[in-house]
>>> print(open('final-v2.cif').read())   # mmCIF, C-alpha atoms
data_structure
loop_
_atom_site.label_atom_id
_atom_site.label_comp_id
_atom_site.auth_asym_id
_atom_site.auth_seq_id
_atom_site.Cartn_x
_atom_site.Cartn_y
_atom_site.Cartn_z
CA MET A 4 156.99 119.72 69.81
CA THR A 5 155.45 117.31 72.27
CA SER A 6 153.90 118.29 75.60
CA SER A 7 157.26 117.49 77.24
CA GLY A 8 158.96 120.03 74.97
CA LYS A 9 160.89 117.47 72.91
CA LEU A 10 160.77 117.16 69.12
CA PRO A 11 158.64 114.12 68.13
CA VAL A 12 161.55 112.50 66.25
CA GLY A 13 159.92 109.07 65.99
CA LEU A 14 156.77 110.61 64.48
CA LEU A 15 158.72 112.67 61.94
CA VAL A 16 161.04 109.80 60.94
CA GLY A 17 158.05 107.42 60.74
CA LEU A 18 156.05 109.81 58.53
CA ALA A 19 159.08 110.38 56.27
CA MET A 20 159.56 106.63 55.96
CA VAL A 21 155.88 106.11 55.06
CA GLY A 22 156.18 108.89 52.44
CA ILE A 23 159.25 107.35 50.80
CA LEU A 24 157.76 103.85 50.81
CA THR A 25 154.51 105.18 49.29
CA VAL A 26 156.53 106.63 46.40
CA LEU A 27 158.00 103.14 45.94
CA VAL A 28 154.48 101.67 45.86
CA ALA A 29 153.56 104.19 43.15
CA GLU A 30 156.65 103.21 41.17
CA PHE A 31 155.81 99.50 41.41
CA ASP A 32 152.19 100.27 40.45
CA THR A 33 153.41 102.14 37.35
CA ALA A 34 155.73 99.26 36.41
CA ILE A 35 152.90 96.71 36.75
CA GLY A 36 150.62 99.00 34.71
CA ASN A 37 153.24 99.25 31.96
CA TRP A 38 153.62 95.47 31.93
CA PHE A 39 149.85 95.04 31.38
CA ALA A 40 149.76 97.92 28.87
CA GLY A 41 152.45 96.12 26.84
CA ARG A 42 150.03 93.21 26.59
CA GLY A 43 147.07 95.30 25.45
CA VAL A 44 145.33 95.70 28.86
CA SER A 45 144.89 99.43 29.48
CA GLN A 46 143.65 99.13 33.09
CA HIS A 47 145.82 96.83 35.16
CA PRO A 48 143.73 94.68 37.48
CA LEU A 49 146.39 94.09 40.20
CA GLU A 50 145.42 97.18 42.16
CA TYR A 51 147.94 99.06 44.30
CA PRO A 52 146.64 97.96 47.75
CA LEU A 53 148.23 94.52 47.35
CA VAL A 54 151.58 96.03 46.36
CA ALA A 55 151.37 98.45 49.31
CA VAL A 56 150.56 95.73 51.88
CA ALA A 57 153.35 93.49 50.51
CA LEU A 58 155.92 96.29 50.67
CA GLY A 59 154.71 97.25 54.15
CA LEU A 60 155.11 93.65 55.35
CA LEU A 61 158.65 93.53 53.98
CA ALA A 62 159.58 96.82 55.71
CA ASN A 63 157.83 95.54 58.85
CA GLY A 64 160.14 92.49 58.95
CA ILE A 65 163.26 94.60 58.38
CA LEU A 66 162.30 97.20 61.03
CA ARG A 67 161.63 94.48 63.62
CA GLY A 68 164.91 92.79 62.64
CA VAL A 69 166.92 95.94 63.35
CA ARG A 70 164.75 96.78 66.40
CA ALA A 71 163.58 100.11 64.94
CA HIS A 72 159.85 99.30 64.71
CA GLU A 73 158.89 100.84 68.06
CA PHE A 74 160.83 104.02 67.22
CA VAL A 75 158.97 104.75 63.96
CA ARG A 76 155.59 103.49 65.19
CA PRO A 77 154.20 107.01 65.96
CA GLY A 78 154.39 107.76 62.21
CA ILE A 79 152.41 104.66 61.20
CA ARG A 80 148.97 106.33 61.07
CA THR A 81 146.72 103.90 59.19
CA GLU A 82 143.46 105.44 60.39
CA LEU A 83 144.43 108.98 59.51
CA PHE A 84 145.56 108.13 55.96
CA LEU A 85 142.48 105.97 55.42
CA LYS A 86 140.06 108.69 56.49
CA VAL A 87 141.81 111.52 54.64
CA GLY A 88 141.70 109.29 51.52
CA LEU A 89 137.97 108.74 52.01
CA VAL A 90 137.23 112.46 52.35
CA LEU A 91 139.18 113.13 49.12
CA MET A 92 137.65 110.14 47.30
CA ALA A 93 134.21 111.77 47.56
CA ALA A 94 135.37 114.31 44.93
CA GLY A 95 134.95 111.54 42.34
CA LEU A 96 131.38 110.74 43.38
CA ASN A 97 129.19 113.07 41.37
CA ILE A 98 125.60 112.02 42.00
CA THR A 99 124.22 114.59 39.53
CA THR A 100 126.19 113.05 36.63
CA VAL A 101 125.09 109.56 37.61
CA MET A 102 121.42 110.61 37.65
CA LYS A 103 121.74 112.46 34.34
CA ASP A 104 123.71 109.80 32.47
CA GLY A 105 122.17 106.59 33.62
CA ALA A 106 118.78 106.24 35.31
CA GLY A 107 118.94 102.54 34.38
CA GLY A 108 122.34 102.22 36.01
CA LEU A 109 121.10 103.89 39.18
CA LEU A 110 118.02 101.65 39.33
CA GLN A 111 120.18 98.55 38.82
CA ALA A 112 122.65 99.79 41.47
CA LEU A 113 119.85 100.31 44.02
CA VAL A 114 118.38 96.83 43.42
CA LEU A 115 121.74 95.05 43.41
CA VAL A 116 123.40 96.88 46.30
CA THR A 117 120.39 96.31 48.57
CA SER A 118 119.87 92.65 47.64
CA VAL A 119 123.54 91.61 47.61
CA PHE A 120 124.31 93.52 50.83
CA LEU A 121 121.43 91.81 52.68
CA PHE A 122 122.28 88.37 51.23
CA THR A 123 125.95 88.70 52.26
CA TRP A 124 124.95 89.91 55.72
CA TRP A 125 122.55 86.97 56.10
CA ILE A 126 124.96 84.28 54.92
CA ALA A 127 127.84 85.76 56.98
CA THR A 128 125.60 85.64 60.07
CA ARG A 129 124.94 81.93 59.36
CA PHE A 130 128.70 81.35 59.23
CA GLY A 131 129.27 83.19 62.53
CA ILE A 132 131.31 86.07 61.07
CA SER A 133 131.87 89.14 63.32
CA PRO A 134 129.61 92.17 62.65
CA GLU A 135 132.61 94.31 61.57
CA LEU A 136 133.93 91.76 59.05
CA LYS A 137 130.36 91.18 57.85
CA ALA A 138 129.95 94.90 57.18
CA VAL A 139 133.25 95.18 55.29
CA MET A 140 132.50 92.09 53.16
CA ALA A 141 128.90 93.07 52.43
CA CYS A 142 130.01 96.52 51.26
CA ALA A 143 132.89 95.18 49.17
CA ILE A 144 130.73 92.66 47.33
CA SER A 145 127.58 94.73 46.92
CA ILE A 146 129.13 98.11 46.01
CA CYS A 147 132.59 98.32 44.54
CA GLY A 148 135.31 96.28 46.15
CA VAL A 149 138.29 97.95 47.77
CA SER A 150 137.01 101.53 48.17
CA ALA A 151 133.69 100.36 49.63
CA ALA A 152 135.57 97.99 51.95
CA ILE A 153 137.71 100.89 53.15
CA ALA A 154 134.68 103.13 53.69
CA ALA A 155 132.88 100.40 55.64
CA ALA A 156 136.01 99.64 57.67
CA GLY A 157 136.24 103.31 58.67
CA ALA A 158 132.55 103.43 59.57
CA VAL A 159 132.52 100.28 61.75
CA LEU A 160 136.15 100.37 63.03
CA ALA A 161 137.16 97.05 61.48
CA LYS A 162 140.50 95.45 62.37
CA LYS A 163 143.44 95.84 59.99
CA LYS A 164 143.58 92.10 59.31
CA GLU A 165 139.89 92.22 58.31
CA ILE A 166 140.51 95.02 55.77
CA THR A 167 143.55 93.22 54.36
CA TYR A 168 141.74 89.88 54.12
CA VAL A 169 138.74 91.34 52.27
CA THR A 170 140.97 93.45 49.98
CA ALA A 171 142.92 90.33 48.96
CA LEU A 172 139.65 88.43 48.33
CA VAL A 173 138.30 91.32 46.21
CA ILE A 174 141.36 91.45 43.95
CA VAL A 175 141.81 87.69 43.65
CA THR A 176 138.11 87.21 42.73
CA ALA A 177 138.01 90.10 40.26
CA LEU A 178 140.79 88.71 38.08
CA PRO A 179 139.08 85.48 36.87
CA LEU A 180 135.72 87.28 36.60
CA MET A 181 137.26 89.89 34.30
CA VAL A 182 138.18 87.14 31.81
CA LEU A 183 135.33 84.68 32.39
CA MET A 184 132.35 87.04 32.22
CA PRO A 185 132.99 88.39 28.69
CA TRP A 186 133.51 84.78 27.55
CA ILE A 187 130.18 83.64 29.10
CA ALA A 188 128.42 86.73 27.70
CA HIS A 189 129.64 85.78 24.22
CA ALA A 190 128.54 82.18 24.73
CA ILE A 191 124.97 83.15 25.68
CA GLY A 192 124.81 85.93 23.07
CA LEU A 193 124.25 88.97 25.29
CA SER A 194 124.01 92.40 23.66
CA GLU A 195 126.84 94.81 24.52
CA THR A 196 124.55 96.93 26.72
CA ILE A 197 123.26 94.03 28.81
CA ALA A 198 126.75 92.51 29.05
CA GLY A 199 128.23 95.85 30.17
CA ALA A 200 125.52 96.28 32.81
CA TRP A 201 126.21 92.73 34.00
CA PHE A 202 129.97 93.33 34.31
CA GLY A 203 129.45 96.66 36.09
CA GLY A 204 126.92 95.16 38.49
CA ASN A 205 129.03 92.18 39.46
CA ILE A 206 132.80 92.65 39.21
CA ASP A 207 134.09 94.31 42.37
CA THR A 208 137.06 96.40 41.26
CA THR A 209 136.57 99.32 38.89
CA ALA A 210 139.75 98.46 36.94
CA ALA A 211 138.54 94.90 36.27
CA VAL A 212 135.07 96.22 35.29
CA VAL A 213 136.64 98.47 32.66
CA GLY A 214 138.90 95.57 31.61
CA ALA A 215 135.95 93.19 31.07
CA GLY A 216 134.02 95.89 29.19
CA THR A 217 137.00 96.57 26.94
CA LEU A 218 137.24 92.87 26.08
CA TYR A 219 133.58 92.86 24.98
CA GLY A 220 133.33 96.12 23.05
CA GLU A 221 133.07 99.89 23.28
CA VAL A 222 129.36 100.06 24.19
CA ALA A 223 129.84 97.35 26.83
CA GLN A 224 132.71 99.31 28.33
CA GLN A 225 130.67 102.53 28.50
CA THR A 226 127.65 100.82 30.07
CA ALA A 227 129.85 98.92 32.55
CA THR A 228 131.52 102.17 33.62
CA VAL A 229 128.20 104.03 34.09
CA VAL A 230 126.72 101.16 36.13
CA LYS A 231 129.84 100.94 38.29
CA MET A 232 129.81 104.71 38.81
CA ALA A 233 126.18 104.48 39.97
CA GLN A 234 127.15 101.80 42.51
CA ASN A 235 130.13 103.88 43.70
CA ALA A 236 127.80 106.82 44.29
CA LEU A 237 126.04 104.79 46.97
CA ILE A 238 129.19 104.36 49.12
CA GLY A 239 128.49 107.47 51.21
CA VAL A 240 124.89 106.52 51.92
CA VAL A 241 125.82 102.97 52.93
CA ALA A 242 128.77 104.12 55.09
CA PHE A 243 126.49 106.61 56.87
CA LEU A 244 123.80 103.99 57.53
CA LEU A 245 126.37 101.42 58.70
CA ALA A 246 128.00 103.88 61.12
CA ALA A 247 124.59 104.80 62.53
CA TYR A 248 123.61 101.11 62.87
CA PHE A 249 126.85 100.23 64.69
CA VAL A 250 126.63 103.20 67.05
CA VAL A 251 122.98 102.56 67.94
CA ARG A 252 122.85 98.74 67.91
CA VAL A 253 126.15 96.83 67.76
CA GLU A 254 128.27 98.98 70.12
CA ARG A 255 125.50 99.77 72.58
CA LYS A 256 126.22 98.72 76.15
CA PRO A 257 123.44 96.64 77.80
CA ASP A 258 122.42 99.40 80.22
CA GLU A 259 122.84 102.29 77.76
CA ARG A 260 120.09 104.24 76.04
CA PRO A 261 121.46 105.71 72.83
CA ASN A 262 120.65 109.42 73.06
CA ALA A 263 121.70 112.08 70.56
CA GLY A 264 124.84 112.94 72.58
CA VAL A 265 126.14 109.35 72.62
CA ILE A 266 125.41 108.91 68.91
CA TRP A 267 127.20 112.16 68.06
CA GLN A 268 130.22 111.31 70.26
CA ARG A 269 130.73 107.91 68.60
CA PHE A 270 129.72 108.80 65.06
CA PRO A 271 132.72 108.71 62.67
CA LYS A 272 133.12 112.39 61.78
CA PHE A 273 135.08 111.73 58.60
CA ILE A 274 131.73 110.75 57.01
CA LEU A 275 130.68 114.41 57.39
CA GLY A 276 133.78 115.46 55.42
CA PHE A 277 133.00 112.77 52.86
CA ILE A 278 129.41 114.03 52.42
CA LEU A 279 130.55 117.68 52.22
CA VAL A 280 133.12 116.96 49.48
CA SER A 281 130.57 114.79 47.63
CA ILE A 282 128.10 117.73 47.70
CA LEU A 283 130.84 120.06 46.36
CA ALA A 284 131.47 117.61 43.49
CA SER A 285 127.77 117.05 42.73
CA THR A 286 126.99 120.79 42.66
CA GLY A 287 129.85 121.53 40.28
CA VAL A 288 132.07 123.45 42.76
CA LEU A 289 134.69 120.75 42.15
CA SER A 290 135.16 119.78 38.52
CA GLY A 291 137.66 118.94 35.79
CA ASN A 292 141.29 119.16 36.88
CA ALA A 293 140.42 119.54 40.56
CA VAL A 294 138.47 116.26 40.59
CA THR A 295 141.30 114.44 38.77
CA ALA A 296 143.86 115.82 41.23
CA LEU A 297 141.75 114.99 44.31
CA LYS A 298 141.09 111.44 43.08
CA ALA A 299 144.86 110.97 42.58
CA LEU A 300 145.60 112.40 46.04
CA SER A 301 143.02 110.06 47.56
CA LYS A 302 144.87 107.12 45.97
CA TRP A 303 148.11 108.40 47.55
CA ALA A 304 146.44 108.48 50.95
CA PHE A 305 145.01 104.97 50.48
CA ALA A 306 148.40 103.65 49.32
CA ALA A 307 149.97 105.11 52.49
CA ALA A 308 147.17 103.53 54.57
CA PHE A 309 147.67 100.07 53.05
CA LEU A 310 151.41 100.44 53.49
CA CYS A 311 150.83 101.21 57.19
CA ILE A 312 148.56 98.15 57.42
CA GLY A 313 151.47 96.04 56.13
CA LEU A 314 153.83 97.76 58.57
CA GLU A 315 151.67 96.68 61.51
CA LEU A 316 150.26 93.38 60.22
CA SER A 317 151.12 89.97 61.55
CA ILE A 318 150.90 87.15 58.98
CA ARG A 319 150.18 84.69 61.78
CA GLU A 320 147.17 86.75 62.81
CA LEU A 321 145.92 86.88 59.22
CA GLY A 322 146.05 83.07 59.17
CA THR A 323 143.70 82.92 62.18
CA MET A 324 140.87 84.31 60.02
CA GLY A 325 140.18 80.78 58.72
CA TRP A 326 138.20 79.56 55.71
CA ARG A 327 134.73 80.83 56.61
CA PRO A 328 135.13 84.38 55.23
CA VAL A 329 136.30 82.83 51.92
CA ALA A 330 133.19 80.61 51.78
CA VAL A 331 130.94 83.59 52.51
CA TYR A 332 132.69 85.79 49.94
CA LEU A 333 132.49 83.17 47.18
CA SER A 334 128.83 82.30 47.90
CA ALA A 335 127.88 85.98 47.84
CA THR A 336 129.82 86.51 44.59
CA VAL A 337 127.94 83.62 42.93
CA PHE A 338 124.65 85.14 44.13
CA ASN A 339 125.73 88.57 42.85
CA THR A 340 126.71 87.12 39.44
CA ALA A 341 123.33 85.40 38.93
CA LEU A 342 121.24 88.31 40.23
CA ALA A 343 123.21 90.93 38.25
CA LEU A 344 122.60 88.99 35.03
CA GLY A 345 118.84 88.84 35.71
CA VAL A 346 118.56 92.50 36.73
CA ALA A 347 120.71 93.74 33.80
CA TRP A 348 118.60 91.73 31.35
CA LEU A 349 115.37 93.09 32.88
CA ILE A 350 116.38 96.76 33.08
CA PHE A 351 118.50 97.12 29.92
CA GLY A 352 116.92 94.35 27.80
CA VAL A 353 113.18 94.19 28.64
CA LEU A 354 112.62 97.75 29.92
CA GLY A 355 115.21 99.22 27.52
CA MET A 356 116.45 101.89 29.98
CA MET B 22 144.18 87.35 70.86
CA GLY B 23 145.77 89.68 68.37
CA GLU B 24 144.73 93.24 67.61
CA PRO B 25 142.07 94.45 70.04
CA ARG B 26 138.82 95.83 68.66
CA ARG B 27 139.16 99.62 68.75
CA ARG B 28 136.60 101.83 70.42
CA ARG B 29 135.48 105.21 69.23
CA VAL B 30 137.47 107.79 71.13
CA GLY B 31 135.78 111.16 70.89
CA TRP B 32 136.77 113.45 68.12
CA SER B 33 140.56 113.60 67.74
CA GLU B 34 141.73 111.60 64.69
CA ASP B 35 138.33 111.75 62.99
CA TRP B 36 138.25 115.54 63.05
CA VAL B 37 141.92 115.75 62.07
CA SER B 38 141.17 113.66 58.97
CA VAL B 39 138.24 115.92 58.04
CA LEU B 40 140.40 119.02 58.53
CA VAL B 41 143.32 117.63 56.52
CA GLY B 42 140.95 116.44 53.76
CA LEU B 43 139.19 119.81 53.50
CA LEU B 44 142.53 121.63 53.62
CA VAL B 45 143.73 119.57 50.65
CA VAL B 46 140.49 120.39 48.78
CA LEU B 47 141.07 124.09 49.51
CA LEU B 48 144.66 123.90 48.28
CA VAL B 49 143.63 122.14 45.09
CA VAL B 50 140.72 124.47 44.29
CA LEU B 51 141.71 127.86 45.68
CA VAL B 52 145.46 127.75 45.23
CA GLY B 53 145.09 126.02 41.86
CA LEU B 54 147.31 123.12 42.81
CA SER B 55 145.58 121.00 40.16
CA LYS B 56 146.91 123.31 37.41
CA VAL B 57 150.50 122.50 38.35
CA PRO B 58 151.67 119.56 36.21
CA TRP B 59 152.78 117.50 39.19
CA PRO B 60 153.80 113.95 38.37
CA LEU B 61 151.99 113.22 41.64
CA PHE B 62 148.58 113.30 39.95
CA GLY B 63 149.36 110.90 37.14
CA TRP B 64 151.38 108.38 39.12
CA PHE B 65 148.71 105.84 40.03
CA ARG B 66 146.66 104.50 37.16
#
>>> encode(input="final-v2.cif", output="structure tokens")
Amino acid sequence: MTSSGKLPVGLLVGLAMVGILTVLVAEFDTAIGNWFAGRGVSQHPLEYPLVAVALGLLANGILRGVRAHEFVRPGIRTELFLKVGLVLMAAGLNITTVMKDGAGGLLQALVLVTSVFLFTWWIATRFGISPELKAVMACAISICGVSAAIAAAGAVLAKKKEITYVTALVIVTALPLMVLMPWIAHAIGLSETIAGAWFGGNIDTTAAVVGAGTLYGEVAQQTATVVKMAQNALIGVVAFLLAAYFVVRVERKPDERPNAGVIWQRFPKFILGFILVSILASTGVLSGNAVTALKALSKWAFAAAFLCIGLELSIRELGTMGWRPVAVYLSATVFNTALALGVAWLIFGVLGM
Amino acid sequence: MGEPRRRRVGWSEDWVSVLVGLLVVLLVVLVGLSKVPWPLFGWFR
């Protein structure tokens, strides 16, 4: 019931509609996965966010056409779904396993995430990109694509068009890399371990990382997955630091002194939930089936969030983003590719970690 | 032009997301939701 005593019909109908459409997204995702599986690719690289945004846009057009968009709007809760998904996603980030299984992977992740994040930030500043878009892009390229982009977007309050734009760039860039990198690795004669570390350190979506590793061999696939997992484990730390930086520096009013109260009031609280669940996973409280279930539920929440983004998105507004973010993204990806090769060769080849 | 940049507005939706997230964790772990063979968990690859 609302404060006026009436049933929130619009909210309930809107939420039911989002639920039904999310099931449709899952069905499409399964169909696309089966199509790839029929062609020998076990992990399909066309991740569900694109399907969800596309379906959301279609429903958006229909709802506006029949003048029902305003009625269901209370149920379109992008932020809520996004943040619930992030809290649940932390169940898959077990820092203890990462430290036990791959010290080399963790070292590579620390070097790459720091260098690529700072490079992307620097080049995006040169191109005059907004601080929020800069943060989302830097996280997506340096850590792990879509999930890092979502975490950064939640931490810095990015616009929906910024999240959608970066997500599309991540998926479109990962596809050619998944095919090209194993081919280049063959051409220059990389060992499976170094090649796997290179794929894991550079390709932005986890599905495409596993795909590239599979194309190169079993050892490459294992190394790529461990390296990617190490990078994923850094999402929470980076999201925390970004949120703190934005609260203290970017969003500060000219006459304001950021005291503890102001920082606490503006700090995105979902990060606390994220850290708590990550601690539960790392200390073994969450394990096995529970982790699998929570990871799946986090994907459901993200699919609903991307669907809501499509339901509220304006294509015309997306077009106003221009070419500069693409130039920044591609330059940073080239930098990441070259640096990841050097670092993988040094850590896994020369140092033999 | 377009969607305005949002400002942080206290605690409401942030805390709700933490509460919902932790509630789901509780349901999965304490109630044993993960032991139920829901198609829900295997839907997305």
>>> closest_residue(input="final-v2.cif", among="A:Leu58, A:Leu115, A:Phe270, A:Leu333", to="Leu180 of chain A", atoms="all atoms listed in the file")
A:Leu333
>>> residues_around(input="final-v2.cif", residues="segment 39-44 of chain B", least_positions_apart="5", cutoff="7 Å", atoms="all atoms listed in the file", output="list of chain:residue names")
A:Val87, A:Val90, A:Leu91, A:Phe273, A:Gly276
>>> interface_residues(input="final-v2.cif", of="chain A", to="chain B", cutoff="7 Å", atoms="only C-alpha atoms", output="PyMOL selection string")
chain A and resi 29+32-33+83+86-87+90-91+160+162+268-269+271-273+276+292-293+296+299-300+320
>>> residues_around(input="final-v2.cif", residues="segment 123-137 of chain A", least_positions_apart="5", cutoff="7 Å", atoms="only C-alpha atoms", output="list in words")
Val159, Ala161, Glu165, Arg327, Val331 and Ala335 of chain A
>>> atom_distance(input="final-v2.cif", atom1="atom CA of Thr336 of chain A", atom2="atom CA of Gly322 of chain A")
22.1 Å
>>> resolve_selection(input="final-v2.cif", expression="the PyMOL selection byres ((chain A and resi 310) around 10)", output="compact mmCIF listing (two decimals) with C-alpha atoms, in the frame of the given file")
# COMPACT_ATOMS: atom_id res chain seq x y z
CA VAL A 21 155.88 106.11 55.06
CA GLY A 22 156.18 108.89 52.44
CA LEU A 24 157.76 103.85 50.81
CA THR A 25 154.51 105.18 49.29
CA VAL A 28 154.48 101.67 45.86
CA TYR A 51 147.94 99.06 44.30
CA PRO A 52 146.64 97.96 47.75
CA LEU A 53 148.23 94.52 47.35
CA VAL A 54 151.58 96.03 46.36
CA ALA A 55 151.37 98.45 49.31
CA VAL A 56 150.56 95.73 51.88
CA ALA A 57 153.35 93.49 50.51
CA LEU A 58 155.92 96.29 50.67
CA GLY A 59 154.71 97.25 54.15
CA LEU A 60 155.11 93.65 55.35
CA ALA A 62 159.58 96.82 55.71
CA ASN A 63 157.83 95.54 58.85
CA ILE A 79 152.41 104.66 61.20
CA ARG A 80 148.97 106.33 61.07
CA THR A 81 146.72 103.90 59.19
CA PHE A 84 145.56 108.13 55.96
CA ALA A 304 146.44 108.48 50.95
CA PHE A 305 145.01 104.97 50.48
CA ALA A 306 148.40 103.65 49.32
CA ALA A 307 149.97 105.11 52.49
CA ALA A 308 147.17 103.53 54.57
CA PHE A 309 147.67 100.07 53.05
CA CYS A 311 150.83 101.21 57.19
CA ILE A 312 148.56 98.15 57.42
CA GLY A 313 151.47 96.04 56.13
CA LEU A 314 153.83 97.76 58.57
CA GLU A 315 151.67 96.68 61.51
CA LEU A 316 150.26 93.38 60.22
>>> atom_distance(input="final-v2.cif", atom1="atom CA of Gly148 of chain A", atom2="atom CA of Trp326 of chain A")
19.5 Å
>>> closest_residue(input="final-v2.cif", among="A:Gly78, A:Ile98, A:Ala154, A:Leu14", to="Ile274 of chain A", atoms="only C-alpha atoms")
A:Ala154
>>> resolve_selection(input="final-v2.cif", expression="the PyMOL selection byres ((chain A and resi 114) around 12)", output="ChimeraX atom specification")
/A:107-113,115-121,145-146,204,230,233-234,237,339,342-343,345-347,349-350
>>> write_last_selection(input="final-v2.cif", atoms="C-alpha atoms", output="CSV table (one decimal), keeping the file's coordinate frame")
chain,number,residue,atom,x,y,z
A,107,GLY,CA,118.9,102.5,34.4
A,108,GLY,CA,122.3,102.2,36.0
A,109,LEU,CA,121.1,103.9,39.2
A,110,LEU,CA,118.0,101.6,39.3
A,111,GLN,CA,120.2,98.6,38.8
A,112,ALA,CA,122.6,99.8,41.5
A,113,LEU,CA,119.8,100.3,44.0
A,115,LEU,CA,121.7,95.0,43.4
A,116,VAL,CA,123.4,96.9,46.3
A,117,THR,CA,120.4,96.3,48.6
A,118,SER,CA,119.9,92.6,47.6
A,119,VAL,CA,123.5,91.6,47.6
A,120,PHE,CA,124.3,93.5,50.8
A,121,LEU,CA,121.4,91.8,52.7
A,145,SER,CA,127.6,94.7,46.9
A,146,ILE,CA,129.1,98.1,46.0
A,204,GLY,CA,126.9,95.2,38.5
A,230,VAL,CA,126.7,101.2,36.1
A,233,ALA,CA,126.2,104.5,40.0
A,234,GLN,CA,127.2,101.8,42.5
A,237,LEU,CA,126.0,104.8,47.0
A,339,ASN,CA,125.7,88.6,42.8
A,342,LEU,CA,121.2,88.3,40.2
A,343,ALA,CA,123.2,90.9,38.2
A,345,GLY,CA,118.8,88.8,35.7
A,346,VAL,CA,118.6,92.5,36.7
A,347,ALA,CA,120.7,93.7,33.8
A,349,LEU,CA,115.4,93.1,32.9
A,350,ILE,CA,116.4,96.8,33.1
>>> closest_residue(input="final-v2.cif", among="A:Gly17, A:Gly36, A:Leu297, A:Gly64", to="Ile318 of chain A", atoms="only C-alpha atoms")
A:Gly64
>>> residues_around(input="final-v2.cif", residues="Thr226 of chain A", least_positions_apart="6", cutoff="9 Å", atoms="all atoms listed in the file", output="number ranges by chain")
A: 105, 108, 195-200, 202-203, 216
>>> resolve_selection(input="final-v2.cif", expression="the PyMOL selection byres ((chain A and resi 278-290) around 6)", output="ChimeraX atom specification")
/A:93-94,96-99,275-277,291,293-294
>>> residues_around(input="final-v2.cif", residues="His189 of chain A", least_positions_apart="5", cutoff="9 Å", atoms="all atoms listed in the file", output="PyMOL selection string")
chain A and resi 184+194+198+219
>>> atom_distance(input="final-v2.cif", atom1="atom CA of Glu30 of chain A", atom2="atom CA of Leu47 of chain B")
27.4 Å
>>> residues_around(input="final-v2.cif", residues="Ile266 of chain A", least_positions_apart="5", cutoff="10 Å", atoms="all atoms listed in the file", output="PyMOL selection string")
chain A and resi 246-247+249-251+255+261+271
>>> closest_residue(input="final-v2.cif", among="A:Gly13, A:Gly239, A:Gly264, A:Gly214", to="Ile153 of chain A", atoms="all atoms listed in the file")
A:Gly239
>>> closest_residue(input="final-v2.cif", among="A:Phe122, A:Leu66, A:Gly192, A:Ala210", to="Glu50 of chain A", atoms="only C-alpha atoms")
A:Ala210
